[in-house]
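**Q** Dropping in query_3.txt, which is compact mmCIF, C-alpha atoms:
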# COMPACT_ATOMS: atom_id res chain seq x y z
CA MET A 1 -14.92 42.12 -51.10
CA ASN A 2 -15.71 38.64 -49.85
CA ILE A 3 -17.77 36.98 -47.11
CA LYS A 4 -17.69 33.40 -45.87
CA GLU A 5 -20.11 31.66 -43.50
CA ASP A 6 -19.13 28.61 -41.46
CA HIS A 7 -21.34 26.41 -39.27
CA LEU A 8 -19.77 25.12 -36.07
CA SER A 9 -21.04 23.07 -33.12
CA ASN A 10 -23.70 24.36 -30.68
CA ASP A 11 -25.39 26.28 -33.51
CA PHE A 12 -22.39 28.60 -33.70
CA LYS A 13 -21.98 30.38 -37.01
CA THR A 14 -18.96 32.44 -37.97
CA PHE A 15 -18.98 35.13 -40.61
CA THR A 16 -15.64 36.22 -42.06
CA PHE A 17 -15.65 39.25 -44.34
CA SER A 18 -12.56 40.64 -46.06
CA ASN A 19 -11.58 43.47 -48.37
CA SER A 20 -9.08 43.89 -51.21
CA HIS A 21 -6.36 45.23 -48.84
CA GLY A 22 -6.08 42.05 -46.78
CA MET A 23 -8.15 43.32 -43.86
CA SER A 24 -10.73 40.87 -42.51
CA VAL A 25 -13.24 40.70 -39.68
CA GLN A 26 -14.72 37.57 -38.12
CA ALA A 27 -17.90 37.60 -36.05
CA LEU A 28 -20.06 35.00 -34.29
CA ASN A 29 -23.83 34.80 -34.15
CA GLN A 30 -23.30 34.11 -30.41
CA GLY A 31 -23.48 37.57 -28.84
CA GLY A 32 -22.62 39.20 -32.17
CA ILE A 33 -19.05 38.68 -30.95
CA ILE A 34 -16.15 40.02 -33.00
CA THR A 35 -13.48 37.34 -32.67
CA GLU A 36 -10.89 38.72 -35.09
CA ILE A 37 -9.94 41.96 -36.79
CA ASN A 38 -6.95 41.25 -38.99
CA VAL A 39 -5.12 44.29 -40.32
CA PRO A 40 -1.68 44.92 -41.85
CA ASP A 41 1.19 46.56 -39.98
CA GLN A 42 3.59 49.03 -41.60
CA THR A 43 5.48 46.17 -43.29
CA GLY A 44 2.30 44.58 -44.64
CA THR A 45 2.17 41.75 -42.07
CA ILE A 46 -1.47 40.93 -41.34
CA GLU A 47 -2.29 40.06 -37.71
CA ASN A 48 -5.25 40.03 -35.34
CA VAL A 49 -5.66 43.22 -33.28
CA VAL A 50 -8.43 42.17 -30.86
CA LEU A 51 -8.24 39.78 -27.92
CA SER A 52 -9.78 36.41 -28.69
CA TYR A 53 -10.15 32.95 -27.22
CA GLN A 54 -8.63 29.79 -28.68
CA ASP A 55 -11.91 27.89 -28.22
CA TYR A 56 -15.25 29.28 -29.41
CA GLU A 57 -17.00 27.63 -26.45
CA ASP A 58 -15.22 30.06 -24.12
CA TYR A 59 -17.28 32.92 -25.50
CA ILE A 60 -20.31 31.47 -23.72
CA GLU A 61 -20.69 33.05 -20.26
CA ASP A 62 -17.55 35.12 -20.84
CA PRO A 63 -16.75 37.31 -17.79
CA ASN A 64 -14.57 39.54 -19.98
CA TYR A 65 -17.22 40.22 -22.66
CA PHE A 66 -14.65 39.79 -25.47
CA GLY A 67 -15.90 41.45 -28.65
CA ALA A 68 -19.59 41.19 -27.70
CA ILE A 69 -22.64 43.34 -28.36
CA ILE A 70 -23.52 44.83 -24.97
CA GLY A 71 -27.11 45.66 -24.06
CA ARG A 72 -29.72 46.48 -23.20
CA VAL A 73 -27.64 49.01 -21.26
CA ALA A 74 -23.85 49.08 -21.48
CA GLY A 75 -22.13 49.96 -18.22
CA ARG A 76 -23.10 49.80 -14.55
CA ILE A 77 -26.55 50.70 -13.26
CA GLU A 78 -26.47 51.77 -9.63
CA ALA A 79 -28.39 49.49 -7.23
CA ALA A 80 -29.58 47.48 -10.25
CA SER A 81 -32.72 49.62 -10.43
CA PHE A 82 -34.21 52.67 -12.08
CA GLN A 83 -37.49 54.52 -12.48
CA ILE A 84 -39.27 55.43 -15.69
CA ASN A 85 -42.59 57.31 -15.68
CA GLY A 86 -42.78 56.83 -11.92
CA GLU A 87 -42.50 53.03 -12.12
CA GLU A 88 -39.51 51.25 -10.59
CA PHE A 89 -37.77 48.37 -12.35
CA GLN A 90 -35.39 45.92 -10.69
CA LEU A 91 -32.56 44.35 -12.69
CA ASP A 92 -30.09 41.49 -12.24
CA GLN A 93 -27.46 42.18 -9.59
CA ASN A 94 -24.39 40.77 -11.32
CA ASP A 95 -21.81 43.30 -10.09
CA GLY A 96 -22.22 43.39 -6.33
CA VAL A 97 -25.54 45.14 -5.76
CA ASN A 98 -25.32 46.78 -9.17
CA SER A 99 -26.17 45.63 -12.68
CA LEU A 100 -23.44 45.43 -15.32
CA HIS A 101 -23.75 45.23 -19.12
CA GLY A 102 -27.38 44.16 -19.27
CA GLY A 103 -27.23 41.65 -16.43
CA ASN A 104 -26.81 37.88 -16.37
CA ARG A 105 -28.66 37.35 -19.63
CA GLY A 106 -27.69 40.48 -21.50
CA PHE A 107 -27.38 40.76 -25.27
CA HIS A 108 -23.87 39.29 -25.10
CA THR A 109 -25.37 35.90 -24.10
CA LYS A 110 -27.91 35.68 -26.95
CA LYS A 111 -27.71 33.93 -30.28
CA TRP A 112 -28.57 36.60 -32.83
CA ASP A 113 -30.21 36.04 -36.19
CA ALA A 114 -27.68 36.82 -38.89
CA SER A 115 -27.99 38.06 -42.48
CA PRO A 116 -24.67 38.37 -44.31
CA PHE A 117 -24.39 40.79 -47.24
CA GLN A 118 -21.88 41.70 -49.91
CA THR A 119 -21.65 44.59 -52.39
CA GLU A 120 -18.98 45.78 -54.78
CA ASP A 121 -17.20 47.82 -52.09
CA SER A 122 -18.44 46.42 -48.75
CA ALA A 123 -19.29 43.21 -46.94
CA GLY A 124 -20.66 42.39 -43.55
CA VAL A 125 -23.50 40.97 -41.52
CA VAL A 126 -26.70 42.27 -39.93
CA PHE A 127 -27.43 40.76 -36.51
CA THR A 128 -30.98 41.03 -35.16
CA TYR A 129 -32.54 40.05 -31.84
CA ARG A 130 -35.97 40.53 -30.29
CA SER A 131 -35.86 41.04 -26.54
CA PRO A 132 -39.20 40.44 -24.77
CA HIS A 133 -40.80 42.76 -22.22
CA LEU A 134 -39.13 42.51 -18.78
CA GLU A 135 -36.23 40.39 -20.03
CA GLY A 136 -33.51 41.10 -17.49
CA GLY A 137 -36.03 43.39 -15.76
CA TYR A 138 -36.17 45.95 -18.58
CA PRO A 139 -39.53 47.23 -19.82
CA GLY A 140 -40.58 46.95 -23.44
CA ASN A 141 -40.45 44.50 -26.30
CA ILE A 142 -37.35 45.56 -28.20
CA THR A 143 -36.27 44.73 -31.72
CA ALA A 144 -32.55 45.43 -32.03
CA ALA A 145 -30.24 45.30 -35.05
CA VAL A 146 -26.48 45.65 -35.16
CA THR A 147 -24.73 45.84 -38.55
CA TYR A 148 -21.01 45.23 -39.06
CA THR A 149 -19.76 46.62 -42.38
CA LEU A 150 -16.20 46.36 -43.72
CA ASN A 151 -15.24 48.54 -46.67
CA ASN A 152 -12.19 49.05 -48.86
CA ASN A 153 -11.07 52.06 -46.82
CA ASN A 154 -10.14 49.63 -44.00
CA GLN A 155 -13.09 50.85 -41.99
CA LEU A 156 -15.23 48.68 -39.73
CA ILE A 157 -18.56 50.48 -39.37
CA ILE A 158 -20.94 49.43 -36.61
CA ASP A 159 -24.54 50.63 -36.91
CA TYR A 160 -26.92 50.10 -34.00
CA SER A 161 -30.69 50.43 -34.14
CA ALA A 162 -33.59 49.51 -31.87
CA VAL A 163 -37.31 50.10 -31.44
CA SER A 164 -39.35 49.55 -28.26
CA ASP A 165 -43.07 49.51 -27.50
CA HIS A 166 -42.45 50.98 -24.00
CA ASP A 167 -40.33 53.86 -22.78
CA THR A 168 -37.11 52.11 -21.79
CA PRO A 169 -33.38 52.62 -21.27
CA ILE A 170 -31.06 51.38 -23.99
CA THR A 171 -27.49 52.07 -25.01
CA LEU A 172 -25.64 49.50 -27.08
CA THR A 173 -21.92 49.13 -27.62
CA ASN A 174 -19.26 46.69 -28.73
CA HIS A 175 -16.79 45.36 -26.16
CA SER A 176 -13.76 44.52 -28.31
CA TYR A 177 -10.36 44.70 -26.63
CA PHE A 178 -7.87 46.26 -29.05
CA ASN A 179 -4.16 45.54 -29.09
CA LEU A 180 -2.40 47.00 -32.13
CA SER A 181 0.87 45.10 -31.57
CA GLY A 182 -0.65 42.26 -33.58
CA ASN A 183 -1.46 38.81 -32.20
CA MET A 184 -1.09 40.30 -28.69
CA GLN A 185 2.71 40.33 -28.78
CA ARG A 186 2.92 43.08 -26.16
CA THR A 187 0.63 44.78 -23.67
CA ILE A 188 -0.97 48.13 -24.47
CA GLY A 189 1.58 49.99 -22.31
CA ASN A 190 3.44 51.23 -25.39
CA HIS A 191 0.26 52.34 -27.14
CA GLU A 192 -0.39 56.06 -27.41
CA VAL A 193 -3.95 57.24 -26.93
CA GLN A 194 -5.78 60.46 -27.74
CA ILE A 195 -9.40 61.12 -26.72
CA ASN A 196 -11.11 64.33 -27.77
CA SER A 197 -12.74 65.04 -24.40
CA ASP A 198 -12.72 67.86 -21.87
CA GLY A 199 -14.51 65.99 -19.08
CA PHE A 200 -14.76 62.55 -17.51
CA VAL A 201 -17.09 61.00 -14.95
CA GLU A 202 -15.85 60.53 -11.39
CA LEU A 203 -16.30 57.01 -9.93
CA ASP A 204 -16.75 55.80 -6.38
CA GLU A 205 -15.02 52.74 -4.88
CA ASN A 206 -17.58 50.44 -6.60
CA LEU A 207 -16.93 52.07 -10.00
CA ILE A 208 -20.35 53.72 -9.88
CA PRO A 209 -20.55 57.35 -11.09
CA THR A 210 -20.75 59.85 -8.23
CA GLY A 211 -22.71 62.30 -10.35
CA LYS A 212 -19.71 64.59 -10.86
CA ILE A 213 -18.16 65.40 -14.23
CA LEU A 214 -14.52 66.41 -13.73
CA ASP A 215 -12.35 68.58 -15.96
CA VAL A 216 -9.52 66.57 -17.52
CA GLY A 217 -7.17 69.56 -17.27
CA ASN A 218 -3.97 68.95 -15.27
CA THR A 219 -4.87 65.29 -14.68
CA VAL A 220 -3.81 61.97 -16.17
CA PHE A 221 -7.22 62.00 -17.86
CA ASP A 222 -6.14 64.80 -20.18
CA LEU A 223 -5.77 62.78 -23.37
CA ARG A 224 -6.56 65.64 -25.71
CA LYS A 225 -2.96 65.27 -26.89
CA SER A 226 -1.65 61.81 -27.65
CA ALA A 227 0.03 60.24 -24.62
CA PRO A 228 1.78 56.89 -23.96
CA LEU A 229 -0.27 54.68 -21.66
CA GLU A 230 2.41 53.03 -19.51
CA PRO A 231 3.03 55.92 -17.07
CA LEU A 232 -0.70 56.67 -16.85
CA LEU A 233 -1.60 53.08 -15.95
CA HIS A 234 0.77 53.24 -12.98
CA SER A 235 -0.26 56.71 -11.84
CA SER A 236 -0.98 57.39 -8.17
CA ASP A 237 -4.13 59.29 -9.21
CA LYS A 238 -6.96 58.14 -6.93
CA GLN A 239 -9.33 57.47 -9.82
CA ILE A 240 -6.75 55.31 -11.58
CA GLN A 241 -6.15 53.37 -8.37
CA LEU A 242 -9.89 52.86 -7.78
CA ALA A 243 -10.10 51.17 -11.16
CA ASN A 244 -7.38 48.67 -10.17
CA GLY A 245 -4.57 50.49 -11.90
CA GLY A 246 -5.89 51.89 -15.15
CA PHE A 247 -8.86 53.52 -16.84
CA ASP A 248 -12.48 52.38 -16.61
CA HIS A 249 -14.06 55.79 -17.05
CA TYR A 250 -16.68 57.54 -19.13
CA PHE A 251 -15.35 60.40 -21.26
CA LEU A 252 -17.75 62.98 -22.69
CA LEU A 253 -16.71 63.49 -26.29
CA ASN A 254 -16.33 66.91 -27.85
CA PRO A 255 -18.80 67.25 -30.75
CA ASN A 256 -17.98 68.18 -34.33
CA SER A 257 -14.83 66.10 -34.51
CA ASN A 258 -13.91 63.60 -37.20
CA LYS A 259 -11.52 61.82 -34.82
CA HIS A 260 -13.01 61.28 -31.37
CA ALA A 261 -10.21 58.90 -30.37
CA VAL A 262 -6.90 57.75 -31.86
CA VAL A 263 -4.75 54.81 -30.76
CA LYS A 264 -1.22 54.27 -32.08
CA ASP A 265 1.37 51.53 -31.70
CA GLU A 266 4.71 52.84 -32.95
CA GLU A 267 6.46 49.47 -33.16
CA SER A 268 3.89 47.91 -35.48
CA GLY A 269 3.01 51.24 -37.07
CA ARG A 270 -0.70 50.53 -36.74
CA ILE A 271 -3.17 53.36 -36.06
CA LEU A 272 -6.82 53.07 -35.02
CA GLU A 273 -9.09 56.09 -35.43
CA LEU A 274 -12.58 56.24 -33.96
CA GLN A 275 -15.52 58.39 -34.99
CA THR A 276 -19.01 58.16 -33.48
CA ASN A 277 -22.31 59.99 -33.08
CA GLN A 278 -22.48 58.80 -29.47
CA GLN A 279 -21.90 61.52 -26.87
CA GLY A 280 -19.27 59.61 -24.95
CA LEU A 281 -17.23 56.47 -24.51
CA VAL A 282 -15.92 54.28 -21.74
CA PHE A 283 -12.16 53.92 -22.00
CA TYR A 284 -11.18 50.66 -20.32
CA THR A 285 -7.62 49.33 -20.19
CA GLY A 286 -8.11 45.68 -19.22
CA ASN A 287 -7.37 46.20 -15.53
CA ASN A 288 -9.50 43.25 -14.42
CA LEU A 289 -9.07 40.67 -17.16
CA THR A 290 -10.13 37.28 -15.80
CA ASP A 291 -7.70 34.41 -16.36
CA GLY A 292 -8.73 30.80 -16.87
CA ARG A 293 -9.45 30.38 -20.60
CA LYS A 294 -6.90 29.85 -23.34
CA LEU A 295 -6.28 32.93 -25.42
CA ALA A 296 -5.41 32.85 -29.08
CA HIS A 297 -1.83 34.03 -29.65
CA SER A 298 -0.98 35.08 -26.09
CA GLN A 299 -0.77 34.34 -22.38
CA TRP A 300 -2.89 36.31 -19.90
CA LYS A 301 -1.51 39.68 -18.82
CA LYS A 302 -3.01 42.70 -17.17
CA HIS A 303 -3.47 45.56 -19.64
CA LEU A 304 -3.42 43.16 -22.60
CA GLY A 305 -6.12 45.12 -24.43
CA LEU A 306 -8.11 48.35 -24.36
CA CYS A 307 -11.80 49.00 -25.00
CA LEU A 308 -13.40 52.06 -26.58
CA GLU A 309 -17.05 51.54 -25.62
CA THR A 310 -19.03 54.25 -27.39
CA GLN A 311 -22.32 54.75 -25.57
CA ALA A 312 -24.61 57.04 -23.60
CA SER A 313 -24.27 57.02 -19.79
CA PRO A 314 -26.30 54.78 -17.45
CA ALA A 315 -25.53 57.41 -14.78
CA SER A 316 -28.30 59.42 -16.46
CA LEU A 317 -30.81 57.08 -14.79
CA HIS A 318 -29.80 58.49 -11.37
CA HIS A 319 -28.15 61.85 -12.05
CA ASP A 320 -28.84 64.93 -14.15
CA GLY A 321 -26.42 66.27 -16.74
CA PHE A 322 -25.40 62.97 -18.39
CA PRO A 323 -26.11 61.73 -21.93
CA SER A 324 -29.48 60.00 -21.64
CA VAL A 325 -30.06 56.28 -22.19
CA CYS A 326 -33.86 56.65 -22.41
CA LEU A 327 -35.71 55.68 -25.57
CA LYS A 328 -39.35 56.69 -26.06
CA ALA A 329 -41.85 54.08 -27.18
CA GLY A 330 -42.14 53.99 -30.96
CA GLU A 331 -39.03 56.08 -31.55
CA THR A 332 -35.98 54.58 -33.26
CA TYR A 333 -32.61 54.33 -31.54
CA GLU A 334 -29.85 54.85 -34.14
CA ARG A 335 -26.14 55.14 -33.40
CA GLN A 336 -22.95 54.58 -35.39
CA THR A 337 -19.28 54.02 -34.61
CA ILE A 338 -16.54 53.86 -37.25
CA PHE A 339 -13.16 52.22 -36.61
CA THR A 340 -10.60 53.18 -39.26
CA PHE A 341 -7.30 51.27 -39.44
CA LYS A 342 -4.19 52.89 -40.91
CA THR A 343 -0.40 52.63 -40.69
CA MET A 344 2.21 55.29 -39.99
Spit out the file's structure as structure tokens when you get a sec.

**A**
Amino acid sequence: MNIKEDHLSNDFKTFTFSNSHGMSVQALNQGGIITEINVPDQTGTIENVVLSYQDYEDYIEDPNYFGAIIGRVAGRIEAASFQINGEEFQLDQNDGVNSLHGGNRGFHTKKWDASPFQTEDSAGVVFTYRSPHLEGGYPGNITAAVTYTLNNNNQLIIDYSAVSDHDTPITLTNHSYFNLSGNMQRTIGNHEVQINSDGFVELDENLIPTGKILDVGNTVFDLRKSAPLEPLLHSSDKQIQLANGGFDHYFLLNPNSNKHAVVKDEESGRILELQTNQQGLVFYTGNNLTDGRKLAHSQWKKHLGLCLETQASPASLHHDGFPSVCLKAGETYERQTIFTFKTM
């Protein structure tokens, strides 16, 4: 195991940690952004499997949220407002009249304190940030920590924790766009995806949850068996069309599974397995990737990457029956997601 720290301009720091199998992960203190995950294909060729920019400066004010820690609340909050204990809080409106991914100054925009670590069989970095009361409109002083750990089983483990002195909503996630072809050689159309879920959340024309949880059965959302993405991305299903030709939907995960999601790319032979103690994930297929910044390795294309955003549901702030994002004062928020990389 090895870890290297580099100091760049604008107080950027990069942390690159690698294992004995040639896998490595690079992360920035800016937004806790994962800029590279380099893993071998079935021939042993090591390539990056997440979308990244050529220039580190482009991660500042990134409309695509490449690789970033998302918070305080991942996802869209209807009308950019919510009530807790009878008190109403107004948030940034950065997605029409709604609030997206923590607002204009969400966790993805912050420089996080970083503490790298290394043991005999793991290496990584602990990112910490203290968010003051009413930052972005959210109640509570919050101390948040996100730990990236790489081990010799080719697992990237992300541990999230937070404590608040007020009752407050929080659900953190990582917004990496995966593309297992390696160095973004192809779109994700040839990827096969499996998600262990019986239900997904219906969206309205503004991509806000309607309050309905729909059965995946007999729909393109039935990913309980592995399915190639290409025909699904071009489906005439109304929900797919609402999301601009693809997925941008919350799936409720079936509990007691050691593989909540699996992504495969047959040509490279790479496999990504996901396990989490979150109750759901947003599956997003890069339908609205914003052009204008130079990518590393590739030109801009729709569906160039997919996100597996493990999180609770911000719809719980307005509707019953959804995994809650509310954290009680003094209690500790603790969540974990494990990405395991294999080959066929």

**Q** Measure the distance from atom CA of Pro314 of chain A to atom CA of Arg335 of chain A in Å and round it to one decimal.

**A**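 Between atom CA of Pro314 of chain A and atom CA of Arg335 of chain A the gap works out to 16.0 Å.
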
**Q** For a quick check of understanding, using only C-alpha atoms, which of A:Thr290, A:Ser268, A:Leu172, A:Ser313 has the smallest distance to Pro40 of chain A?

**A**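 So, comparing all the options, the nearest one is A:Ser268.
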
**Q** Using all atoms listed in the file, pick whichever of A:Phe221, A:Phe107, A:Tyr65, A:Tyr53 has the shortest atom-to-atom distance to Phe251 of chain A.

**A**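 Counting all atoms listed in the file, the residue closest to Phe251 of chain A is A:Phe221.
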
**Q** What's the 8 Å shell around segment 80-90 of chain A, counting all atoms listed in the file, without same-chain residues fewer than 2 positions away, as a short mmCIF file (atom, residue, chain, number, x, y, z; two decimals) with C-alpha atoms, keeping the file's coordinate frame?

**A**
data_model
loop_
_atom_site.label_atom_id
_atom_site.label_comp_id
_atom_site.auth_asym_id
_atom_site.auth_seq_id
_atom_site.Cartn_x
_atom_site.Cartn_y
_atom_site.Cartn_z
CA ILE A 77 -26.55 50.70 -13.26
CA GLU A 78 -26.47 51.77 -9.63
CA ASP A 92 -30.09 41.49 -12.24
CA GLN A 93 -27.46 42.18 -9.59
CA VAL A 97 -25.54 45.14 -5.76
CA ASN A 98 -25.32 46.78 -9.17
CA SER A 99 -26.17 45.63 -12.68
CA GLY A 137 -36.03 43.39 -15.76
CA TYR A 138 -36.17 45.95 -18.58
CA PRO A 139 -39.53 47.23 -19.82
CA ASP A 167 -40.33 53.86 -22.78
CA THR A 168 -37.11 52.11 -21.79
CA LEU A 317 -30.81 57.08 -14.79
CA HIS A 318 -29.80 58.49 -11.37
#

**Q** Could you check which of A:Pro169, A:Leu180, A:Glu331, A:Pro132 is closest to Leu51 of chain A, using all atoms listed in the file?

**A**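 For Leu51 of chain A, the nearest of the given residues is A:Leu180.
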
**Q** Quick one, how far is atom CA of Arg293 of chain A from atom CA of Val193 of chain A?

**A**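 Between atom CA of Arg293 of chain A and atom CA of Val193 of chain A the gap is 28.1 Å.
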
**Q** With all atoms listed in the file as the basis for distance, which of A:His297, A:Lys13, A:His191, A:His7 is at the shortest distance from Gln30 of chain A?

**A**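 Among A:His297, A:Lys13, A:His191, A:His7, it is A:Lys13 that comes nearest to Gln30 of chain A.
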
**Q** Can you tell me which residues surround Ala329 of chain A at a distance of at most 7 Å, considering only C-alpha atoms, apart from same-chain residues fewer than 3 positions away, and format the answer as a PDB file with C-alpha atoms, in the coordinates of the input?

**A**
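File produced: result-v9.pdb:
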ATOM      1  CA  SER A 164     -39.350  49.550 -28.260  1.00  0.00           C
ATOM      2  CA  ASP A 165     -43.070  49.510 -27.500  1.00  0.00           C
ATOM      3  CA  HIS A 166     -42.450  50.980 -24.000  1.00  0.00           C
ATOM      4  CA  ASP A 167     -40.330  53.860 -22.780  1.00  0.00           C
TER       5      ASP A 167
END

**Q** Point out the residue among A:Arg105, A:Lys301, A:Lys294, A:Lys342 with the least atom-to-atom distance to Gln54 of chain A, counting only C-alpha atoms.

**A**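 Distance minimum relative to Gln54 of chain A lands on A:Lys294.
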
**Q** So, with only C-alpha atoms as the atoms that count, which of A:Thr310, A:Gln278, A:Ser122, A:Ser197 lies closest to Asn154 of chain A?

**A**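 Among the listed residues, the smallest separation from Asn154 of chain A belongs to A:Ser122.
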